[in-house]
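S.K.: Below: one structure in structure tokens.
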Protein chains: 4
Amino acid sequence: MIISMRQNATKAEIDHVCERIQDFGYRVHSIVGEQRVVIGVVGQGDVTACLESLEATPGVESAVRISAPYKFVSKEFRKDRTSIRVGRADIGGDDFVMMAGPCSVENEAQIMATAESVAAAGATILRGGAFKPRTSPYDFQGLEEEGLKLLAKARAATGLAIITEVMSDRDVDLVASYADIMQVGARNMQNFALLKTLGKCGRPVMLKRGMSSTIKELLMSAEYVTAHGNPNVILCERGIRTFETATRNTFDIAAVPVLNELTHLPVVLDPSHATGKRSLVPAVAKASVAIGADGLIVEVHPCPEKAASDGAQSLTLEGFGRMMRDLQPYIRLWKESRISEAALVA
Amino acid sequence: MIISMRQNATKAEIDHVCERIQDFGYRVHSIVGEQRVVIGVVGQGDVTACLESLEATPGVESAVRISAPYKFVSKEFRKDRTSIRVGRADIGGDDFVMMAGPCSVENEAQIMATAESVAAAGATILRGGAFKPRTSPYDFQGLEEEGLKLLAKARAATGLAIITEVMSDRDVDLVASYADIMQVGARNMQNFALLKTLGKCGRPVMLKRGMSSTIKELLMSAEYVTAHGNPNVILCERGIRTFETATRNTFDIAAVPVLNELTHLPVVLDPSHATGKRSLVPAVAKASVAIGADGLIVEVHPCPEKAASDGAQSLTLEGFGRMMRDLQPYIRLWKESRISEAALVA
Amino acid sequence: MIISMRQNATKAEIDHVCERIQDFGYRVHSIVGEQRVVIGVVGQGDVTACLESLEATPGVESAVRISAPYKFVSKEFRKDRTSIRVGRADIGGDDFVMMAGPCSVENEAQIMATAESVAAAGATILRGGAFKPRTSPYDFQGLEEEGLKLLAKARAATGLAIITEVMSDRDVDLVASYADIMQVGARNMQNFALLKTLGKCGRPVMLKRGMSSTIKELLMSAEYVTAHGNPNVILCERGIRTFETATRNTFDIAAVPVLNELTHLPVVLDPSHATGKRSLVPAVAKASVAIGADGLIVEVHPCPEKAASDGAQSLTLEGFGRMMRDLQPYIRLWKESRISEAALVA
Amino acid sequence: MIISMRQNATKAEIDHVCERIQDFGYRVHSIVGEQRVVIGVVGQGDVTACLESLEATPGVESAVRISAPYKFVSKEFRKDRTSIRVGRADIGGDDFVMMAGPCSVENEAQIMATAESVAAAGATILRGGAFKPRTSPYDFQGLEEEGLKLLAKARAATGLAIITEVMSDRDVDLVASYADIMQVGARNMQNFALLKTLGKCGRPVMLKRGMSSTIKELLMSAEYVTAHGNPNVILCERGIRTFETATRNTFDIAAVPVLNELTHLPVVLDPSHATGKRSLVPAVAKASVAIGADGLIVEVHPCPEKAASDGAQSLTLEGFGRMMRDLQPYIRLWKESRISEAALVA
């Protein structure tokens with residue numbers, strides 16, 4: 001921690017700040033500059049509590065944390081990539097993972113047709129919402145447990161693993177009894193009651209970045225899940241909210257190398273929500289493979305114009321097949337790059 | 001709804017769109033322009049479903065909703081202001097309402113001292129968090145039920161009503177058994193499971209605007225609570241997230257007249273979270289009264305530098321008293337303005 | 001400056017950083033923490049050059065400036081408010097200043113009618129664009145020198161001072177030969193060629209904050225003008241660009257107390273561009289007076305629906321008169337507050 | 001244009017709006033819905049003037065433009081890609097174009113060493129700033145004409161074409177006498193005086209997207225240059241400003257397929273400014289090739305820690321060479337994709 005005192009801070013204020021720092025069990029290291037005093041805080045203690053206290057103390061201009069506020073999810077805690085095996089997929093491992101399926105599970109015919117088609121095209125995980133977060137109370141809210149049962153049926157028929165969203169800590173047990181991966185939506189990234197419960201759910205968790213959440217906050221939410229007992233967390237960038245309206249969100253693709261520097265957790269990208277528009281998905285998907293993400297999650301529907309939600313950003317079955325073919329050379333380069341990375345580490 | 005076709009849309013595409021519109025029970029009204037066809041959709045039906053379907057239909061450039069997506073919270077539904085009586089306060093009524101108290105309830109001495117002091121200065125509602133949403137799993141998470149009991153004790157001693165945050169649908173009954181107003185934090189504004197449960201909680205709800213939520217989305221979340229049975233919703237603007245870092249958030253004060261045009265619900269402003277800095281709170285509070293908000297919610301602590309959270313933005317007891325005195329002439333103007341408004345309506 | 005080294009920085013890297021710091025003429029003050037080395041940089045030198053160099057040096061995690069990057073505009077440089085006398089107005093002084101007029105000067109009848117009406121209502125400065133920055137090359141670009149002449153005519157008739165925009169360093173002399181205050185538009189806030197030329201123009205400059213400019217960047221742009229010789233700079237907050245579309249921009253009213261802590265320059269607010277909507281202007285104007293701004297700049301047009309630009313946000317002549325009457329009690333409170341501030345300083 | 005009337009609009013207001021529309025030479029097409037009247041505006045006329053007028057007319061809720069506000073830069077105006085030949089490069093053509101060089105031209109040794117090295121690695125265009133837009137008046141402002149001369153010398157020695165920034169309409173002739181491509185920086189994207197002058201400069205122009213400019217505004221600025229006579233415009237995405245601070249800007253890579261749908265102009269990406277951090281550049285560059293951009297502009301410096309500006313985001317000469325090698329397989333896929341696109345068109 002580095003504490004900058006105001007230019008006009010009095011000696012009494014500076015002394016009081018030093019005492020407060022020592023109250024928290026830290027050592028003080030003052031630097032008397034030309035214009036102001038800066039105080040380095042050294043040692044171990046409750047960083048946040050000390051920081052917040054000092055920010056509120058008279059004479060302090062700013063108090064800045066130096067160390068990362070997360071631990072288990074950091075590269076310092078674990079050097080090699082976390083890989084999470086789910087069904088045939090190894091997320092964070094040596095295969096680029098494709099998750100695909102409709103926004104909402106609507107009926108048996110829809111989910112079975114989609115599952116068979118995306119499996120044939122090379123997906124290994126089926127997405128589909130049974131509990132749907134909708135901005136309006138009047139919109140389709142999902143089939144709930146009935147939807148989970150249909151997903152399980154599609155898994156039995158195709159061998160695809162299942163990822164589906166859980167919206168409340170109350171539903172965690174129910175959803176975990178059907179799903180292979182528990183998805184936390186962007187709107188719930190800081191639903192801390194839900195995150196704590198997911199720490200004990202016994203299933204991998206995919207955490208979508210909040211619409212206005214920083215990368216650091218995404219890592220802090222992942223830390224909630226790991227600190228409560230569950231190390232199997234997948235991070236998902238799905239676009240952030242900005243002033244630009246040409247796309248549904250602004251896809252922060254540079255988050256991938258940033259996250260790869262900070263954490264060992266796998267990173268999956270969602271070009272469907274990032275762009276909101278079917279025609280943009282294939283190009284964005286190519287870039288996502290090239291930048292070194294661990295996988296993609298893509299919305300696919302047998303008849304997008306009849307979808308209960310998100311039709312505009314859903315690929316058709318045929319469009320998904322075409323995209324998968326077009327991605328193959330990029331996926332080959334991705335594998336080569338993972339292999340040379342592994343060789344470098346070894 | 002207005003559907004703009006692409007410039008190069010074929011006749012077959014246009015005909016198909018018209019059929020889809022009629023499938024949803026609407027009438028079609030085409031306008032053939034110089035460059036493209038625009039289709040007006042007239043009648044009554046499931047607007048969102050129709051809109052989403054058309055957005056996903058080939059040949060469509062854009063589909064735009066004309067009517068507001070909310071109903072119960074709109075000015076069209078109810079012309080006169082909703083006022084909500086809680087203890088001595090009448091939120092949305094003829095008194096400017098002051099809610100004040102610490103970020104977190106920490107112990108009996110702290111909450112009792114604060115309650116007595118803010119009541120003496122003119123507050124009628126006591127704020128204080130028992131369940132705390134914290135970015136880090138390692139930070140103080142609140143006293144939970146113990147905190148609620150201390151709030152009830154402060155209420156008994158001072159006559160102040162209690163507002164406190166609820167973070168999970170699982171805790172709604174517990175919190176409702178102590179609180180006079182249920183607060184939904186910015187991070188949970190779109191926690192739809194929580195909003196639905198609050199529709200049946202029997203207590204007024206104060207809904208804080210999400211950090212990156214539009215005013216329309218805030219109203220949609222309020223519509224969730226009302227549509228599920230609870231008309232007593234208070235809206236709270238507490239700053240939105242932007243690129244500016246000089247303040248903790250960017251205080252969107254113009255949301256007040258915007259909301260007053262769109263909704264009959266009361267609007268409370270939070271200058272503490274909006275600015276994040278104690279020294280900025282009094283000036284922002286003056287502006288908040290002047291612009292015609294229904295009340296303020298302000299963080300106050302007997303010793304901010306020892307606060308368990310948000311000390312930097314908390315006023316001292318004495319600072320709060322001084323601010324209340326300085327606000328008086330503005331509150332007098334506020335009352336005159338409410339009285340002439342009422343005279344105008346009558 | 002505070003330099004944080006990476007956790008795994010080598011001794012050689014740390015030594016090299018220390019040498020680099022000394023190359024720039026500074027002294028080094030190292031703090032060896034539990035996890036990393038932090039280096040304080042003490043003394044005087046070229047801060048930015050040193051900072052940028054260190055950010056690019058191997059082993060460095062971050063390099064943070066402690067001192068403010070501006071000098072002449074800072075509160076440290078000058079404690080008391082800068083006031084700028086223009087015609088009957090004293091901007092930053094003991095009168096709340098009202099600038100009003102049309103977005104564009106369109107013709108003699110329009111500008112004369114507006115000038116007489118706003119003068120009668122209490123404005124002391126006439127705004128009106130002769131050079132117009134328009135997003136589209138096909139929109140009305142302003143009357144140019146003809147517009148400046150009409151402004152001068154309106155000044156002669158009413159005694160109002162003139163504020164008008166200059167868009168290019170090439171036009172500075174021309175505009176300065178007519179205008180009393182040179183306005184720099186939001187899109188040109190970082191047009192450094194223009195700012196340098198305005199440093200020598202001999203007229204006060206009003207600098208509008210860029211749509212995505214931080215408060216610190218606004219102050220740096222003001223520093224450009226002052227460092228090039230012109231201390232008479234007025235800052236103008238006119239809304240920043242965010243995700244919210246209910247208003248044209250998001251009005252960052254808290255910038256006023258922030259700026260009052262950092263600078264001695266006057267601050268004027270523009271509720272017209274901030275909101276983009278006529279009906280919102282009066283409420284926002286009240287808040288602007290209450291928060292302690294030095295003045296307002298407001299768009300007014302005899303017939304907004306026939307305005308060549310910005311009609312939707314222009315008040316009618318009558319609407320402006322009504323707003324001025326409604327502001328009077330707030331302006332009285334503003335004056336009392338200035339007087340007690342002056343008494344406090346004296 | 002589509003005009004929505006307010007729900008409570010009177011018949012007189014609706015009639016007045018229809019008259020206004022006809023005044024502008026358009027035909028009226030009314031749709032009487034359940035809740036309100038919507039008016040379609042058909043025909044040809046001055047869209048913006050009519051739109052702005054209607055927005056300001058009583059009874060109007062909103063006025064929305066349907067047609068694109070730009071013409072020459074649109075896909076409707078020209079179906080096939082614009083390609084711009086500069087030296088050995090064909091921007092927008094069949095070769096992926098690499099522009100590289102230092103942020104600022106500092107001295108002969110620096111620019112010559114960089115030019116030779118990037119040419120050897122495969123760049124065909126040399127970047128380097130002689131006029132530098134700097135946030136602080138106290139930072140290095142560029143060598144000006146001396147810098148241009150050094151760039152010309154580097155061109156003579158290496159055959160690289162030159163791209164360099166012009167900051168004022170006053171400098172256009174001077175810069176055009178040395179540069180092959182005139183660069184407009186992000187801060188000047190809406191410096192309309194500069195854009196108009198560049199319409200007549202006789203050199204291709206590269207227009208960087210403003211930090212908070214929408215894609216539509218970028219196209220409107222390109223329209224300025226083309227409408228004033230210069231069709232050779234290159235668009236450059238370099239990151240937009242958001243709340244995220246982990247990167248210098250947020251790289252809006254999805255702008256590439258969006259622009260490819262809207263315009264025939266070439267699109268170049270700038271991973272250096274987008275990320276602000278050397279270690280992130282190579283991964284972002286791979287994604288940029290994969291998504292189908294026409295080229296990259298990258299900062300490279302012989303000794304980043306001694307750079308006069310932007311050292312932290314500059315690659316070393318060796319790092320640039322390594323990146324170029326790693327990009328080769330992606331560039332091969334890029335070429336295949338251009339060839340099949342051409343075959344499809346033919």
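Here's how to read the names in the structure tokens: chain A, B, ... by the order shown, residue numbers from 1 in each chain, ligand numbers from 1 in the order shown.
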Give one line per residue of chain C that approaches chain D to at most 8 Å, naming the two atoms of the closest pair and their distance in Å to one decimal, counting only C-alpha atoms; sort by chain then ascending residue number and deliver it as JSON lines.
M.R.:
```
{"residue": "C:Thr48", "atom": "CA", "partner": "D:Asp139", "partner_atom": "CA", "distance": 6.9}
{"residue": "C:Ala49", "atom": "CA", "partner": "D:Ala308", "partner_atom": "CA", "distance": 6.9}
{"residue": "C:Glu52", "atom": "CA", "partner": "D:Gly311", "partner_atom": "CA", "distance": 6.4}
{"residue": "C:Ser53", "atom": "CA", "partner": "D:Glu305", "partner_atom": "CA", "distance": 4.5}
{"residue": "C:Leu54", "atom": "CA", "partner": "D:Glu305", "partner_atom": "CA", "distance": 6.5}
{"residue": "C:Glu55", "atom": "CA", "partner": "D:Ala312", "partner_atom": "CA", "distance": 5.3}
{"residue": "C:Ala56", "atom": "CA", "partner": "D:Ala312", "partner_atom": "CA", "distance": 3.9}
{"residue": "C:Thr57", "atom": "CA", "partner": "D:Glu305", "partner_atom": "CA", "distance": 5.2}
{"residue": "C:Pro69", "atom": "CA", "partner": "D:Ser136", "partner_atom": "CA", "distance": 7.4}
{"residue": "C:Tyr70", "atom": "CA", "partner": "D:Ser136", "partner_atom": "CA", "distance": 7.7}
{"residue": "C:Pro133", "atom": "CA", "partner": "D:Phe192", "partner_atom": "CA", "distance": 6.5}
{"residue": "C:Arg134", "atom": "CA", "partner": "D:Phe192", "partner_atom": "CA", "distance": 7.7}
{"residue": "C:Thr135", "atom": "CA", "partner": "D:Met220", "partner_atom": "CA", "distance": 6.4}
{"residue": "C:Ser136", "atom": "CA", "partner": "D:Met220", "partner_atom": "CA", "distance": 5.8}
{"residue": "C:Pro137", "atom": "CA", "partner": "D:Tyr224", "partner_atom": "CA", "distance": 5.2}
{"residue": "C:Asp139", "atom": "CA", "partner": "D:Thr48", "partner_atom": "CA", "distance": 6.9}
{"residue": "C:Met167", "atom": "CA", "partner": "D:Ala193", "partner_atom": "CA", "distance": 6.7}
{"residue": "C:Ser168", "atom": "CA", "partner": "D:Ala193", "partner_atom": "CA", "distance": 6.1}
{"residue": "C:Asp169", "atom": "CA", "partner": "D:Ser168", "partner_atom": "CA", "distance": 7.4}
{"residue": "C:Arg170", "atom": "CA", "partner": "D:Arg170", "partner_atom": "CA", "distance": 6.6}
{"residue": "C:Arg187", "atom": "CA", "partner": "D:Gln190", "partner_atom": "CA", "distance": 6.0}
{"residue": "C:Asn188", "atom": "CA", "partner": "D:Asn191", "partner_atom": "CA", "distance": 6.5}
{"residue": "C:Gln190", "atom": "CA", "partner": "D:Arg187", "partner_atom": "CA", "distance": 6.0}
{"residue": "C:Asn191", "atom": "CA", "partner": "D:Asn188", "partner_atom": "CA", "distance": 6.5}
{"residue": "C:Phe192", "atom": "CA", "partner": "D:Pro133", "partner_atom": "CA", "distance": 6.5}
{"residue": "C:Ala193", "atom": "CA", "partner": "D:Ser168", "partner_atom": "CA", "distance": 6.1}
{"residue": "C:Leu194", "atom": "CA", "partner": "D:Ser168", "partner_atom": "CA", "distance": 7.8}
{"residue": "C:Met211", "atom": "CA", "partner": "D:Ser212", "partner_atom": "CA", "distance": 6.9}
{"residue": "C:Ser212", "atom": "CA", "partner": "D:Ser212", "partner_atom": "CA", "distance": 5.7}
{"residue": "C:Glu217", "atom": "CA", "partner": "D:Thr135", "partner_atom": "CA", "distance": 6.8}
{"residue": "C:Met220", "atom": "CA", "partner": "D:Ser136", "partner_atom": "CA", "distance": 5.8}
{"residue": "C:Ser221", "atom": "CA", "partner": "D:Thr135", "partner_atom": "CA", "distance": 7.1}
{"residue": "C:Glu223", "atom": "CA", "partner": "D:Pro137", "partner_atom": "CA", "distance": 7.1}
{"residue": "C:Tyr224", "atom": "CA", "partner": "D:Pro137", "partner_atom": "CA", "distance": 5.2}
{"residue": "C:Ala227", "atom": "CA", "partner": "D:Pro137", "partner_atom": "CA", "distance": 7.2}
{"residue": "C:Arg241", "atom": "CA", "partner": "D:Ser212", "partner_atom": "CA", "distance": 7.1}
{"residue": "C:Pro304", "atom": "CA", "partner": "D:Ala56", "partner_atom": "CA", "distance": 5.9}
{"residue": "C:Glu305", "atom": "CA", "partner": "D:Ser53", "partner_atom": "CA", "distance": 4.5}
{"residue": "C:Lys306", "atom": "CA", "partner": "D:Ser53", "partner_atom": "CA", "distance": 5.8}
{"residue": "C:Ala307", "atom": "CA", "partner": "D:Ser53", "partner_atom": "CA", "distance": 6.8}
{"residue": "C:Ala308", "atom": "CA", "partner": "D:Ala49", "partner_atom": "CA", "distance": 6.8}
{"residue": "C:Ser309", "atom": "CA", "partner": "D:Glu52", "partner_atom": "CA", "distance": 6.7}
{"residue": "C:Asp310", "atom": "CA", "partner": "D:Glu52", "partner_atom": "CA", "distance": 6.8}
{"residue": "C:Gly311", "atom": "CA", "partner": "D:Ala56", "partner_atom": "CA", "distance": 5.0}
{"residue": "C:Ala312", "atom": "CA", "partner": "D:Ala56", "partner_atom": "CA", "distance": 4.0}
{"residue": "C:Gln313", "atom": "CA", "partner": "D:Ala56", "partner_atom": "CA", "distance": 7.4}
```
S.K.: Would you pick out the contacts of region 116-126 of chain D at 8 Å or less, using only C-alpha atoms, so that residues sharing its chain but fewer than 2 positions from it are not included, and give the list as a PyMOL selection string?
M.R.: chain D and resi 87-89+97-101+112-114+128+155+158-163+317+320-321+324
S.K.: List the neighbours of region 245-253 of chain B out to 7 Å using only C-alpha atoms; skip same-chain residues closer than 4 positions along the sequence, and give me the result as a ChimeraX atom specification.
M.R.: /B:238-241,273-276 /C:250-252,254
S.K.: Write out the residues from the selection above, keeping C-alpha atoms, as a short mmCIF file (atom, residue, chain, number, x, y, z; two decimals), in the first residue's frame.
M.R.:
```cif
data_model
loop_
_atom_site.label_atom_id
_atom_site.label_comp_id
_atom_site.auth_asym_id
_atom_site.auth_seq_id
_atom_site.Cartn_x
_atom_site.Cartn_y
_atom_site.Cartn_z
CA ARG B 238 -26.55 6.36 -7.10
CA GLY B 239 -24.21 7.11 -9.98
CA ILE B 240 -23.35 5.12 -13.08
CA ARG B 241 -20.04 3.75 -14.23
CA HIS B 273 -22.03 6.34 -3.59
CA ALA B 274 -22.35 8.78 -6.48
CA THR B 275 -19.20 10.64 -5.47
CA GLY B 276 -17.34 8.29 -3.13
CA THR C 250 -24.79 12.40 -19.14
CA PHE C 251 -24.49 15.63 -17.16
CA ASP C 252 -21.57 15.24 -14.74
CA ALA C 254 -20.35 16.49 -9.51
#
```
S.K.: Rounded to one decimal, what separation in Å do you get between CA of Val298 (chain B) and CA of Val258 (chain B)?
M.R.: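 Going from CA of Val298 (chain B) over to CA of Val258 (chain B), I get 22.3 Å.
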S.K.: If you measure from CA of Tyr330 (chain A) to CA of Leu235 (chain D), what distance in Å do you get, rounded to one decimal?
M.R.: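 About the pair CA of Tyr330 (chain A) and CA of Leu235 (chain D): they are 25.9 Å apart.
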S.K.: Mind checking DSSP for region 84-309 of chain D and telling me the strand (DSSP E or B) residues as a PyMOL selection string?
M.R.: chain D and resi 84-86+89-91+97-101+104+125-127+129+161-165+181-184+205-208+233-237+240+250+252+263+267-269+295-300
S.K.: Could you please take those selected residues and save N, CA and C atoms as a short mmCIF file (atom, residue, chain, number, x, y, z; two decimals), in the first residue's frame?
M.R.:
```cif
data_model
loop_
_atom_site.label_atom_id
_atom_site.label_comp_id
_atom_site.auth_asym_id
_atom_site.auth_seq_id
_atom_site.Cartn_x
_atom_site.Cartn_y
_atom_site.Cartn_z
N ILE D 84 -6.17 1.30 -52.05
CA ILE D 84 -5.36 2.51 -52.17
C ILE D 84 -3.90 2.10 -52.27
N ARG D 85 -3.31 2.40 -53.39
CA ARG D 85 -1.92 2.00 -53.63
C ARG D 85 -0.99 3.12 -53.14
N VAL D 86 -0.08 2.77 -52.25
CA VAL D 86 0.88 3.73 -51.71
C VAL D 86 2.22 3.01 -51.67
N ALA D 89 2.67 -0.80 -51.06
CA ALA D 89 1.48 -1.33 -50.38
C ALA D 89 0.21 -1.07 -51.18
N ASP D 90 -0.74 -1.97 -51.03
CA ASP D 90 -2.05 -1.82 -51.68
C ASP D 90 -3.10 -2.00 -50.59
N ILE D 91 -3.45 -0.89 -49.94
CA ILE D 91 -4.30 -0.95 -48.75
C ILE D 91 -5.75 -1.17 -49.17
N VAL D 97 -1.46 -5.29 -45.07
CA VAL D 97 -0.48 -4.20 -45.02
C VAL D 97 0.01 -3.97 -43.59
N MET D 98 1.32 -3.90 -43.44
CA MET D 98 1.89 -3.65 -42.12
C MET D 98 2.53 -2.25 -42.09
N MET D 99 2.03 -1.40 -41.22
CA MET D 99 2.62 -0.08 -40.99
C MET D 99 3.31 -0.16 -39.63
N ALA D 100 4.56 0.28 -39.54
CA ALA D 100 5.27 0.16 -38.27
C ALA D 100 6.27 1.29 -38.12
N GLY D 101 6.61 1.59 -36.90
CA GLY D 101 7.59 2.65 -36.63
C GLY D 101 7.35 3.24 -35.26
N SER D 104 7.09 8.75 -31.97
CA SER D 104 7.66 10.03 -32.42
C SER D 104 8.97 9.80 -33.17
N ILE D 125 5.08 0.24 -44.85
CA ILE D 125 4.81 1.64 -44.56
C ILE D 125 5.45 1.98 -43.21
N LEU D 126 6.10 3.15 -43.16
CA LEU D 126 6.77 3.59 -41.94
C LEU D 126 5.90 4.63 -41.24
N ARG D 127 5.60 4.40 -39.97
CA ARG D 127 4.88 5.41 -39.21
C ARG D 127 5.88 6.19 -38.35
N GLY D 129 5.70 10.09 -35.78
CA GLY D 129 5.06 11.38 -35.58
C GLY D 129 6.05 12.52 -35.58
N ALA D 161 6.85 3.58 -47.67
CA ALA D 161 6.02 4.77 -47.76
C ALA D 161 5.88 5.35 -46.35
N ILE D 162 5.46 6.62 -46.26
CA ILE D 162 5.45 7.33 -44.99
C ILE D 162 4.02 7.69 -44.59
N ILE D 163 3.66 7.35 -43.35
CA ILE D 163 2.41 7.87 -42.78
C ILE D 163 2.77 8.69 -41.56
N THR D 164 2.20 9.90 -41.48
CA THR D 164 2.51 10.77 -40.33
C THR D 164 1.32 11.67 -40.05
N GLU D 165 1.22 12.11 -38.80
CA GLU D 165 0.03 12.84 -38.36
C GLU D 165 0.08 14.32 -38.72
N ILE D 181 0.86 9.25 -46.68
CA ILE D 181 -0.48 9.15 -46.11
C ILE D 181 -0.57 10.15 -44.96
N MET D 182 -1.65 10.91 -44.95
CA MET D 182 -1.89 11.90 -43.90
C MET D 182 -2.70 11.23 -42.80
N GLN D 183 -2.18 11.21 -41.59
CA GLN D 183 -2.91 10.59 -40.49
C GLN D 183 -3.65 11.65 -39.67
N VAL D 184 -4.93 11.39 -39.40
CA VAL D 184 -5.71 12.23 -38.49
C VAL D 184 -5.84 11.47 -37.18
N VAL D 205 -5.79 9.66 -46.83
CA VAL D 205 -5.94 10.09 -45.44
C VAL D 205 -6.28 8.87 -44.58
N MET D 206 -5.57 8.70 -43.47
CA MET D 206 -5.99 7.67 -42.52
C MET D 206 -6.62 8.35 -41.31
N LEU D 207 -7.87 7.99 -41.06
CA LEU D 207 -8.69 8.64 -40.06
C LEU D 207 -8.82 7.71 -38.85
N LYS D 208 -8.27 8.13 -37.72
CA LYS D 208 -8.39 7.30 -36.52
C LYS D 208 -9.70 7.61 -35.83
N VAL D 233 -9.73 7.31 -48.38
CA VAL D 233 -9.74 7.37 -46.93
C VAL D 233 -9.58 5.97 -46.35
N ILE D 234 -8.71 5.85 -45.39
CA ILE D 234 -8.49 4.60 -44.66
C ILE D 234 -9.04 4.82 -43.25
N LEU D 235 -9.81 3.87 -42.74
CA LEU D 235 -10.36 3.99 -41.39
C LEU D 235 -9.47 3.23 -40.42
N CYS D 236 -9.32 3.74 -39.22
CA CYS D 236 -8.46 3.07 -38.25
C CYS D 236 -9.15 2.98 -36.88
N GLU D 237 -9.34 1.73 -36.43
CA GLU D 237 -9.86 1.50 -35.08
C GLU D 237 -8.66 1.35 -34.15
N ILE D 240 -11.52 2.29 -27.95
CA ILE D 240 -12.41 3.34 -27.48
C ILE D 240 -12.28 3.45 -25.96
N THR D 250 -10.31 0.26 -24.90
CA THR D 250 -10.96 -1.02 -25.17
C THR D 250 -11.02 -1.20 -26.67
N ASP D 252 -12.16 -2.29 -29.99
CA ASP D 252 -13.47 -2.70 -30.51
C ASP D 252 -13.28 -3.47 -31.82
N THR D 263 -19.34 -0.11 -45.32
CA THR D 263 -18.51 0.74 -46.18
C THR D 263 -17.54 -0.08 -47.04
N VAL D 267 -9.92 -0.85 -43.68
CA VAL D 267 -9.89 -0.72 -42.22
C VAL D 267 -8.57 -1.24 -41.68
N VAL D 268 -7.87 -0.39 -40.97
CA VAL D 268 -6.57 -0.74 -40.37
C VAL D 268 -6.73 -0.71 -38.86
N LEU D 269 -6.06 -1.63 -38.16
CA LEU D 269 -6.20 -1.69 -36.70
C LEU D 269 -4.90 -1.31 -36.01
N GLY D 295 -5.09 -4.18 -42.53
CA GLY D 295 -3.71 -3.96 -42.15
C GLY D 295 -3.61 -3.60 -40.68
N LEU D 296 -2.38 -3.43 -40.23
CA LEU D 296 -2.09 -3.06 -38.85
C LEU D 296 -1.17 -1.86 -38.84
N ILE D 297 -1.26 -1.05 -37.82
CA ILE D 297 -0.27 -0.01 -37.57
C ILE D 297 0.25 -0.24 -36.15
N VAL D 298 1.57 -0.41 -36.05
CA VAL D 298 2.16 -0.89 -34.80
C VAL D 298 3.34 0.00 -34.41
N GLU D 299 3.43 0.30 -33.11
CA GLU D 299 4.56 1.11 -32.65
C GLU D 299 5.77 0.23 -32.32
N VAL D 300 6.91 0.66 -32.87
CA VAL D 300 8.17 -0.09 -32.73
C VAL D 300 9.26 0.92 -32.43
#
```
S.K.: Which of these, D:Gly33, D:Leu265, D:Asp270, D:Gly93, has the shortest distance to Arg338 (chain D) once you count only C-alpha atoms?
M.R.: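 Checking each of D:Gly33, D:Leu265, D:Asp270, D:Gly93 against Arg338 (chain D), counting only C-alpha atoms, the winner is D:Gly93.
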S.K.: Give me the residues near Glu336 (chain C) as a list of chain:residue names, where near means some atom within 12 Å (using only C-alpha atoms) and where sequence neighbours in that chain fewer than 4 positions away do not count.
M.R.: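 Skipping anything fewer than 4 positions along the chain leaves B:Asp326, B:Pro329, C:Asp94, C:Asp95, C:Phe96, C:Ala290, C:Gly292, C:Pro329, C:Tyr330, C:Ile331, C:Arg332, C:Ser340, C:Glu341, C:Ala342, C:Ala343.
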S.K.: From region 126-202 of chain B, collect each residue whose DSSP state is helix (DSSP H, G or I) and return the set as JSON, numbers by chain.
M.R.: {"B": [145, 146, 147, 148, 149, 150, 151, 152, 153, 154, 155, 156, 157, 158, 169, 170, 171, 172, 173, 174, 175, 176, 186, 187, 188, 192, 193, 194, 195, 196, 197, 198]}
